[in-house]
Every structure is written in structure tokens, then in C-alpha cells.
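Dropping query_9.csv in here (CSV, C-alpha atoms):
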chain,number,residue,atom,x,y,z
A,74,MET,CA,8.5,-102.5,111.2
A,75,PRO,CA,10.1,-100.8,114.1
A,76,ALA,CA,13.9,-101.0,114.3
A,77,SER,CA,15.1,-103.8,116.5
A,78,ILE,CA,16.6,-102.8,119.9
A,79,PRO,CA,20.1,-104.0,120.4
A,80,SER,CA,20.3,-106.5,123.1
A,81,VAL,CA,22.2,-105.7,126.3
A,82,PRO,CA,24.7,-108.3,127.5
A,83,PRO,CA,23.6,-109.7,130.8
A,84,ALA,CA,25.5,-108.4,133.8
A,85,LYS,CA,28.3,-110.7,135.0
A,86,PRO,CA,27.6,-112.4,138.4
A,87,TRP,CA,30.8,-111.2,139.9
A,88,ASP,CA,32.6,-107.9,140.0
A,89,LEU,CA,36.1,-109.5,139.8
A,90,ALA,CA,37.7,-112.8,139.1
A,91,VAL,CA,40.9,-113.5,141.1
A,92,ALA,CA,43.5,-116.1,140.5
A,93,TYR,CA,45.5,-116.4,143.8
A,94,ARG,CA,48.6,-118.5,143.8
A,95,ILE,CA,50.4,-119.6,146.9
A,96,TYR,CA,53.2,-122.0,147.8
A,97,PRO,CA,54.7,-122.9,151.2
A,98,GLY,CA,58.2,-121.5,150.7
A,99,ILE,CA,59.7,-118.1,151.4
A,100,GLY,CA,61.8,-116.2,148.9
A,101,ARG,CA,63.3,-112.9,149.8
A,102,PRO,CA,63.2,-112.0,153.5
A,103,PRO,CA,59.8,-110.6,154.5
A,104,PRO,CA,59.4,-107.8,157.0
A,105,CYS,CA,57.5,-110.0,159.4
A,106,TYR,CA,56.8,-113.7,160.1
A,107,GLY,CA,59.9,-114.6,158.2
A,108,ASP,CA,60.3,-118.0,159.9
A,109,ASP,CA,56.7,-119.1,159.3
A,110,LYS,CA,55.2,-119.0,155.8
A,111,LEU,CA,51.8,-120.2,157.0
A,112,MET,CA,51.7,-117.3,159.5
A,113,LEU,CA,52.8,-114.8,156.8
A,114,SER,CA,50.2,-116.2,154.4
A,115,ASP,CA,47.5,-115.8,157.1
A,116,PHE,CA,48.6,-112.2,157.7
A,117,CYS,CA,48.5,-111.3,154.0
A,118,LEU,CA,45.2,-113.1,153.3
A,119,ARG,CA,43.5,-111.3,156.1
A,120,SER,CA,44.6,-108.0,154.6
A,121,PHE,CA,43.4,-109.3,151.1
A,122,LYS,CA,40.0,-110.1,152.5
A,123,GLN,CA,39.7,-106.7,154.2
A,124,ALA,CA,40.7,-105.0,151.0
A,125,MET,CA,37.9,-106.7,149.1
A,126,GLU,CA,35.2,-104.9,151.1
A,127,GLY,CA,32.4,-103.9,148.7
A,128,VAL,CA,33.6,-106.1,145.8
A,129,LYS,CA,32.0,-109.4,144.8
A,130,ALA,CA,35.0,-111.6,143.9
A,131,LYS,CA,35.2,-115.2,142.7
A,132,ILE,CA,38.6,-116.5,143.7
A,133,TRP,CA,40.5,-119.4,142.1
A,134,VAL,CA,43.1,-120.6,144.6
A,135,LEU,CA,46.2,-122.4,143.2
A,136,LEU,CA,47.7,-124.3,146.1
A,137,ASP,CA,51.1,-125.3,144.8
A,138,GLY,CA,52.6,-128.1,146.9
A,139,CYS,CA,50.8,-126.8,150.0
A,140,PRO,CA,49.9,-128.9,153.0
A,141,PRO,CA,46.2,-129.1,154.0
A,142,THR,CA,46.6,-126.2,156.5
A,143,TYR,CA,46.8,-123.8,153.6
A,144,ARG,CA,43.5,-125.0,152.1
A,145,ARG,CA,41.8,-124.6,155.5
A,146,LEU,CA,43.1,-121.0,155.6
A,147,PHE,CA,41.1,-120.0,152.6
A,148,GLU,CA,38.0,-122.1,153.6
A,149,ARG,CA,38.0,-120.4,156.9
A,150,MET,CA,38.1,-116.8,155.5
A,151,PHE,CA,35.8,-117.0,152.4
A,152,PRO,CA,32.4,-118.5,151.7
A,153,GLU,CA,32.4,-121.8,149.8
A,154,GLY,CA,30.6,-120.2,146.9
A,155,ASN,CA,33.4,-117.7,146.4
A,156,LEU,CA,36.2,-120.3,146.1
A,157,VAL,CA,37.5,-122.7,143.5
A,158,ILE,CA,40.5,-124.5,144.9
A,159,GLN,CA,43.0,-126.3,142.7
A,160,GLU,CA,45.8,-128.3,144.2
A,161,LEU,CA,49.0,-128.5,142.2
A,162,PRO,CA,52.0,-130.8,142.9
A,163,GLY,CA,54.6,-128.2,143.5
A,164,VAL,CA,55.0,-127.2,139.8
A,165,GLY,CA,56.6,-123.9,140.6
A,166,ASN,CA,56.5,-120.2,139.7
A,167,LEU,CA,56.3,-120.3,135.8
A,168,PRO,CA,53.6,-122.9,135.5
A,169,THR,CA,51.4,-121.4,138.1
A,170,PHE,CA,51.5,-118.0,136.4
A,171,GLY,CA,50.6,-119.7,133.2
A,172,ARG,CA,47.6,-121.4,135.0
A,173,GLN,CA,46.5,-117.9,136.2
A,174,ILE,CA,46.4,-116.7,132.7
A,175,GLU,CA,44.4,-119.7,131.5
A,176,LEU,CA,41.9,-119.3,134.4
A,177,LEU,CA,41.3,-115.6,134.0
A,178,THR,CA,41.0,-115.6,130.2
A,179,GLU,CA,38.7,-118.6,130.1
A,180,GLN,CA,36.3,-117.7,133.0
A,181,ALA,CA,33.0,-116.0,132.1
A,182,ASP,CA,32.1,-114.8,135.6
A,183,ALA,CA,33.6,-111.3,135.6
A,184,ASP,CA,34.8,-108.7,133.1
A,185,TRP,CA,37.7,-107.6,135.4
A,186,VAL,CA,40.5,-109.9,136.5
A,187,TYR,CA,43.2,-109.9,139.2
A,188,PHE,CA,46.5,-111.8,139.4
A,189,ALA,CA,47.3,-112.3,143.1
A,190,GLU,CA,50.5,-113.6,144.7
A,191,ASP,CA,50.6,-114.8,148.3
A,192,ASP,CA,53.1,-112.3,149.7
A,193,TYR,CA,51.2,-109.0,149.5
A,194,PHE,CA,49.8,-106.9,152.3
A,195,TYR,CA,46.8,-104.7,151.3
A,196,PHE,CA,45.1,-101.6,152.7
A,197,PRO,CA,41.3,-101.6,153.2
A,198,GLY,CA,39.3,-100.7,150.1
A,199,ALA,CA,42.1,-101.3,147.6
A,200,PHE,CA,40.1,-103.5,145.2
A,201,ALA,CA,37.1,-101.1,144.9
A,202,GLU,CA,39.5,-98.3,144.2
A,203,MET,CA,41.4,-100.3,141.5
A,204,LEU,CA,38.2,-101.2,139.8
A,205,ARG,CA,37.1,-97.6,139.8
A,206,GLN,CA,40.3,-96.6,138.1
A,207,LEU,CA,40.0,-99.2,135.4
A,208,GLN,CA,36.3,-98.5,134.8
A,209,ARG,CA,36.8,-94.8,134.1
A,210,GLN,CA,36.3,-93.8,130.5
A,211,ASP,CA,39.9,-92.5,130.4
A,212,GLY,CA,41.2,-95.2,132.7
A,213,PRO,CA,44.4,-97.2,132.2
A,214,ASP,CA,44.6,-100.7,130.7
A,215,PHE,CA,46.3,-102.1,133.8
A,216,VAL,CA,46.6,-101.1,137.5
A,217,THR,CA,49.0,-102.3,140.2
A,218,PRO,CA,48.2,-101.8,143.9
A,219,TYR,CA,51.9,-101.4,144.6
A,220,ASP,CA,54.0,-98.2,144.6
A,221,HIS,CA,57.3,-99.8,143.8
A,222,LEU,CA,60.4,-98.6,145.5
A,223,ASP,CA,62.1,-99.0,142.1
A,224,TYR,CA,60.0,-96.1,140.8
A,225,TYR,CA,62.1,-93.8,143.0
A,226,THR,CA,65.5,-95.5,142.6
A,227,SER,CA,65.9,-97.0,139.1
A,228,PRO,CA,67.0,-95.0,136.0
A,229,ILE,CA,64.5,-97.1,134.0
A,230,HIS,CA,61.7,-95.2,135.6
A,231,GLU,CA,63.0,-91.6,135.1
A,232,ALA,CA,60.9,-91.4,131.9
A,233,TYR,CA,57.9,-91.0,134.1
A,234,SER,CA,57.1,-88.4,136.8
A,235,LYS,CA,58.2,-89.3,140.3
A,236,PRO,CA,55.7,-87.8,142.6
A,237,ARG,CA,56.6,-87.8,146.3
A,238,PRO,CA,54.3,-89.9,148.5
A,239,ALA,CA,51.2,-87.8,149.1
A,240,LYS,CA,48.6,-87.7,151.8
A,241,ASP,CA,45.7,-88.0,149.3
A,242,ARG,CA,46.1,-90.8,146.8
A,243,VAL,CA,46.9,-90.0,143.2
A,244,TRP,CA,47.5,-92.4,140.3
A,245,ARG,CA,50.6,-92.0,138.1
A,246,PRO,CA,51.7,-93.7,134.9
A,247,ALA,CA,54.1,-96.5,135.4
A,248,GLY,CA,56.2,-98.5,133.0
A,249,SER,CA,56.5,-101.8,134.8
A,250,SER,CA,55.3,-103.8,137.8
A,251,CYS,CA,55.4,-107.3,139.3
A,252,LEU,CA,53.0,-110.1,138.5
A,253,THR,CA,50.3,-108.8,140.9
A,254,PHE,CA,47.9,-106.6,138.9
A,255,MET,CA,44.4,-105.9,137.7
A,256,THR,CA,43.0,-105.6,134.2
A,257,GLY,CA,40.0,-106.3,132.0
A,258,ARG,CA,39.5,-109.8,130.7
A,259,GLU,CA,39.5,-108.7,127.1
A,260,THR,CA,42.7,-106.7,127.6
A,261,LEU,CA,44.3,-109.8,129.1
A,262,ARG,CA,43.2,-111.9,126.1
A,263,GLN,CA,44.8,-109.4,123.7
A,264,THR,CA,48.0,-109.3,125.7
A,265,THR,CA,48.3,-112.9,126.6
A,266,PRO,CA,51.2,-113.6,124.2
A,267,LEU,CA,53.2,-110.9,126.0
A,268,PHE,CA,52.5,-112.3,129.5
A,269,ARG,CA,53.0,-115.9,128.4
A,270,SER,CA,56.6,-115.1,127.6
A,271,TYR,CA,57.3,-115.1,131.4
A,272,CYS,CA,56.5,-118.9,131.3
A,273,ARG,CA,59.3,-119.2,128.7
A,274,GLY,CA,61.9,-117.5,130.7
A,275,ASN,CA,61.3,-113.8,130.3
A,276,THR,CA,61.4,-111.6,133.4
A,277,ASP,CA,58.5,-109.6,134.8
A,278,LEU,CA,60.4,-106.3,134.2
A,279,ALA,CA,61.3,-107.1,130.6
A,280,LEU,CA,57.7,-108.2,129.7
A,281,TRP,CA,56.2,-105.1,131.2
A,282,LEU,CA,58.7,-102.9,129.2
A,283,SER,CA,57.2,-104.6,126.1
A,284,VAL,CA,53.6,-104.2,127.3
A,285,THR,CA,54.0,-100.4,127.9
A,286,ARG,CA,56.5,-100.0,125.1
A,287,HIS,CA,58.7,-98.2,127.7
A,288,PRO,CA,60.8,-95.2,126.5
A,289,THR,CA,64.0,-96.9,127.8
A,290,LEU,CA,63.6,-99.4,125.0
A,291,PHE,CA,64.7,-96.7,122.6
A,292,PRO,CA,67.4,-94.0,122.5
A,293,PRO,CA,68.0,-91.8,124.5
A,294,GLY,CA,66.4,-93.8,127.3
A,295,ALA,CA,68.5,-96.8,126.7
A,296,LEU,CA,71.7,-94.7,126.6
A,297,ARG,CA,70.7,-93.1,129.9
A,298,VAL,CA,70.3,-96.6,131.5
A,299,ALA,CA,73.7,-97.7,130.0
A,300,ARG,CA,75.4,-94.7,131.6
A,301,ARG,CA,73.7,-94.9,135.0
A,302,GLN,CA,73.2,-98.6,135.7
A,303,PRO,CA,74.5,-100.8,132.8
A,304,GLY,CA,73.4,-104.0,134.6
A,305,LEU,CA,69.8,-103.1,133.7
A,306,LEU,CA,70.6,-103.4,129.9
A,307,ARG,CA,70.0,-107.1,130.1
A,308,PHE,CA,66.3,-106.4,130.8
A,309,LEU,CA,66.1,-104.2,127.7
A,310,ALA,CA,67.8,-107.0,125.7
A,311,GLN,CA,65.3,-109.6,127.1
A,312,SER,CA,62.4,-107.4,126.1
A,313,TRP,CA,63.7,-107.1,122.5
A,314,TRP,CA,64.6,-110.8,122.3
A,315,PHE,CA,61.1,-111.9,123.3
A,316,HIS,CA,58.9,-109.2,121.7
A,317,PRO,CA,60.7,-107.4,118.8
A,318,GLY,CA,57.5,-106.8,116.9
A,319,GLN,CA,55.6,-105.4,119.9
A,320,ASN,CA,58.4,-103.2,120.9
A,321,ALA,CA,58.9,-101.8,117.4
A,322,ARG,CA,55.2,-101.2,116.3
A,323,GLY,CA,52.8,-102.7,118.8
A,324,LYS,CA,50.2,-101.0,120.9
A,325,ARG,CA,51.4,-99.0,123.9
A,326,TRP,CA,49.3,-100.3,126.8
A,327,THR,CA,48.9,-98.1,129.9
A,328,LEU,CA,49.7,-99.1,133.5
A,329,ALA,CA,48.9,-97.0,136.5
A,330,ALA,CA,50.2,-97.1,140.1
A,331,PRO,CA,48.9,-95.5,143.3
A,332,VAL,CA,50.7,-92.9,145.4
A,333,PRO,CA,50.7,-93.6,148.3
A,334,THR,CA,50.6,-97.3,147.8
A,335,MET,CA,47.6,-99.6,148.4
A,336,ALA,CA,49.7,-102.7,149.0
A,337,ALA,CA,53.1,-103.8,149.9
A,338,HIS,CA,55.1,-106.6,148.4
A,339,MET,CA,56.3,-108.3,151.5
A,340,GLU,CA,60.0,-108.0,150.8
A,341,ARG,CA,61.9,-106.3,153.7
A,342,HIS,CA,64.2,-104.1,151.6
A,343,TYR,CA,61.6,-103.2,148.9
A,344,LEU,CA,58.7,-101.7,151.0
A,345,PRO,CA,57.1,-98.6,149.4
A,346,PRO,CA,58.4,-95.3,150.7
A,347,GLY,CA,56.8,-92.7,152.9
A,348,LEU,CA,54.8,-95.0,155.3
A,349,ALA,CA,55.5,-96.2,158.8
A,350,TRP,CA,55.5,-99.9,158.0
A,351,ASP,CA,56.5,-101.1,161.5
A,352,GLN,CA,53.4,-99.4,162.9
A,353,ILE,CA,51.1,-100.5,160.1
A,354,PHE,CA,52.1,-104.2,160.4
A,355,SER,CA,52.0,-104.1,164.2
A,356,GLU,CA,48.6,-102.5,164.4
A,357,ALA,CA,47.2,-105.1,161.8
A,358,ALA,CA,48.7,-108.0,163.8
A,359,SER,CA,47.2,-106.7,167.0
A,360,ALA,CA,43.7,-106.1,165.4
A,361,TRP,CA,43.7,-109.7,164.1
A,362,SER,CA,45.0,-111.2,167.3
A,363,MET,CA,48.1,-112.5,165.6
A,364,PRO,CA,51.6,-112.8,167.3
A,365,PRO,CA,53.1,-109.4,167.9
A,366,ILE,CA,55.7,-108.0,165.5
A,367,PRO,CA,58.9,-106.8,167.2
A,368,ALA,CA,59.5,-103.0,166.9
A,369,GLY,CA,61.9,-102.3,164.1
A,370,LYS,CA,61.5,-105.7,162.4
A,371,ALA,CA,59.8,-104.5,159.2
A,372,CYS,CA,62.7,-102.3,157.9
A,373,ALA,CA,65.6,-104.0,159.6

So, in terms of C-alpha cells, how does the structure I just supplied come out?
Amino acid sequence: MPASIPSVPPAKPWDLAVAYRIYPGIGRPPPCYGDDKLMLSDFCLRSFKQAMEGVKAKIWVLLDGCPPTYRRLFERMFPEGNLVIQELPGVGNLPTFGRQIELLTEQADADWVYFAEDDYFYFPGAFAEMLRQLQRQDGPDFVTPYDHLDYYTSPIHEAYSKPRPAKDRVWRPAGSSCLTFMTGRETLRQTTPLFRSYCRGNTDLALWLSVTRHPTLFPPGALRVARRQPGLLRFLAQSWWFHPGQNARGKRWTLAAPVPTMAAHMERHYLPPGLAWDQIFSEAASAWSMPPIPAGKACA
């Protein structure tokens, strides 16, 4: 009898599954719309939608203590079939991140998943480019859209190359990020215990140090941090406290970040270097017929 032909798993109906969490408060001062979270959310969501061009995404929206205007914001921008909206009673940062993990590991609609927070501004085409990086045969395990300012200022990141912002985008290895990132569903399942430590009080920096088994967890990296910025040692201690086994002998997962950035975390004093943010934000607000942003506001 002829040998049986291995079955090919059916293609997933979506390119990407997104868990997008949003709440009606403002943390650190943003570069624009700092007195109106709904306006800031609208601004960021418009950039998010534009950055999704060419990508079929199913989006779970976690409205954490949000008034009805926030729900209408999403319903106005995305087709009903793309959205699954869940309203939460103001449970806060840690539980909503835990819910993101649950949704993205349990869903069966897409092989690639994205954790989204409500205060990010994106450039067009960001999601298609992130997917291309992950899908490369030699691609990283995780990507962030955000070229963190910390990559250029913190001694923790001196173990990695520090390319200057370039005209043509390049991807560089990174040791940590925030909680907005993309990965594969299977990778997320394997690393869920690491990310769930955030829900038990770990910090995003410390958990990423464990995920990437960052060189500063070991001498001489830790000694360099102790000499240069001893206040950062608490993050190394947190990393070892929560994940001693992973740090000592676990897999070193890879994370990549783009230069120049494909997104900005909307914190006024932490915008990625090398770009004219006042101009970028002002032009976006004008294109979307939103209230103008005063000159010099973004980096004030």
C-alpha cells in the first residue's frame, strides 16, 4: 500500500490574535492629550488601526473600568467580526495582564499573538513587519515595536550593541522590553510561567531578564551594573527571586527591537531617540482631524 501522506494542519482564519487592554486613567505624563485619556486613546487607536494594514487581526478588547464611550471607540474603528469586547470592573494592571495571557494562549484563531496596551503610538505597516521578522526561519522568539530609550542610557543594556538610529530599519537583539510585544502562541505557552510572575508582583524588566537570560544576571555584567547604577540591582534580585531555575539553566529566548522604532510608548520623557516627535504627532493629529498639538509639547 502507498505510504500515507501526512496531513497538513488547516490554515488559521486570522494572521494575528491581539489582546488590547485599556483603562480610563493616565499614568506618566504623555507627550500629548495629557488631560484627556479618551482623546489620547483615540489618537493611539487610530495609529494602531493604520499600523494593522495588510494584517487580518482578531482583537480581544479588555475594557477595565471604562465608560461606554471607550467601547464605542473600538466599535467605530473595527468591524464587529474582528472584535471580542470584555468589560472588567476596574480590576487593575496585574489581573488584566493575566487575562491577556489566558486569552492569547487559549485562542485557536491565530498562530501569532500580540499584547497591546492603550498608550502606544504606531507607525504604518508595523504589524506586517513584526510578523515577517517572527516568521523568518532564523527569526527571534519575541519582537517589540518599541526602540526603548533605556537601550541607549542604561548600563543593563550595554551587553548588546547600541546602534545609532538609522534611516533604514534594522533589527537588533534586545534584553528586555515592556508588556507590549508579539510572539508565537506556542512560544507564549512555553513561557507563560515566566510572564505570569508579573501578576505576582514581579516587574516587567526583571521578568524579561529571565526570559532572555540576560548577561547582567551574571558576573561581570552584574558587577558593571553595581558600579554604574546600583539602584538597578533590585531588578536583578527580583529576577533571581522569581525565576532561579530559569536564570541558572533555562532556555535563552530571543527578543528583537527595531531601529528606528515602529512605535512609541506615550510617556513624554521616554520617547525613542532620533525622531522629530512633535512633527510626527502634529501631522498625525492633523491627518485625523483631531485637536492640534501645540509645538514643543511632545518633548517638553

- [ ] Give me, please, the distance in Å between atom CA of Gly163 of chain A and atom CA of Tyr96 of chain A, quoted to one decimal.
- [x] 7.7 Å

- [ ] Check the smallest atom-to-atom distance from each of A:Arg245, A:His287, A:His221, A:Lys324 to Thr264 of chain A using all atoms listed in the file, then report the winner.
- [x]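 Of A:Arg245, A:His287, A:His221, A:Lys324, the one nearest Thr264 of chain A, counting all atoms listed in the file, is A:Lys324.
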
Open item on the list: Would you compute the distance between atom CA of Cys272 of chain A and atom CA of Thr178 of chain A? Give it in Å to one decimal.
Closed with: 15.9 Å

Open item on the list: I'd like the contact shell of Leu278 of chain A - 8 Å cut-off, all atoms listed in the file, skipping same-chain residues fewer than 4 positions apart - returned as number ranges by chain.
Closed with: A: 249-251, 282, 308

TODO: Go through A:Leu222, A:Val332, A:Ala90, A:Val284 one by one, measure the shortest atom-to-atom distance of each to Trp313 of chain A using all atoms listed in the file, and give the residue with the smallest value.
DONE: A:Val284

Task: Coordinates-based distance that separates atom CA of Phe196 of chain A from atom CA of Ala124 of chain A (Å, one decimal) - done: 5.8 Å

- [ ] Name the residues in contact with Thr260 of chain A at a cut-off of 12 Å, using all atoms listed in the file, excluding same-chain residues fewer than 2 positions from it; report them as a PyMOL selection string.
- [x] chain A and resi 174+177-178+184-186+207+213-215+255-258+262-268+284+324+326-328

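Counting all atoms listed in the file, the residue from A:Asn166, A:Ala337, A:Ser359, A:Ser114 that sits nearest to Arg145 of chain A is A:Ser114.
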
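The shell of residues at most 12 Å from Ser120 of chain A, with all atoms listed in the file counted and near chain neighbours (fewer than 5 positions) removed, consists of Leu113, Ser114, Asp115, Met125, Glu126, Met150, Asp191, Asp192, Tyr193, Phe194, Tyr195, Phe196, Pro197, Gly198, Ala199, Phe200, Met335, Ala336, Ala337, Ile353, Phe354, Glu356, Ala357, Ala358, Ala360 and Trp361 of chain A.
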
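Of the listed residues (A:Gln206, A:Gln319, A:Ser312, A:Thr334), A:Thr334 comes nearest to Pro218 of chain A; the distances count all atoms listed in the file.
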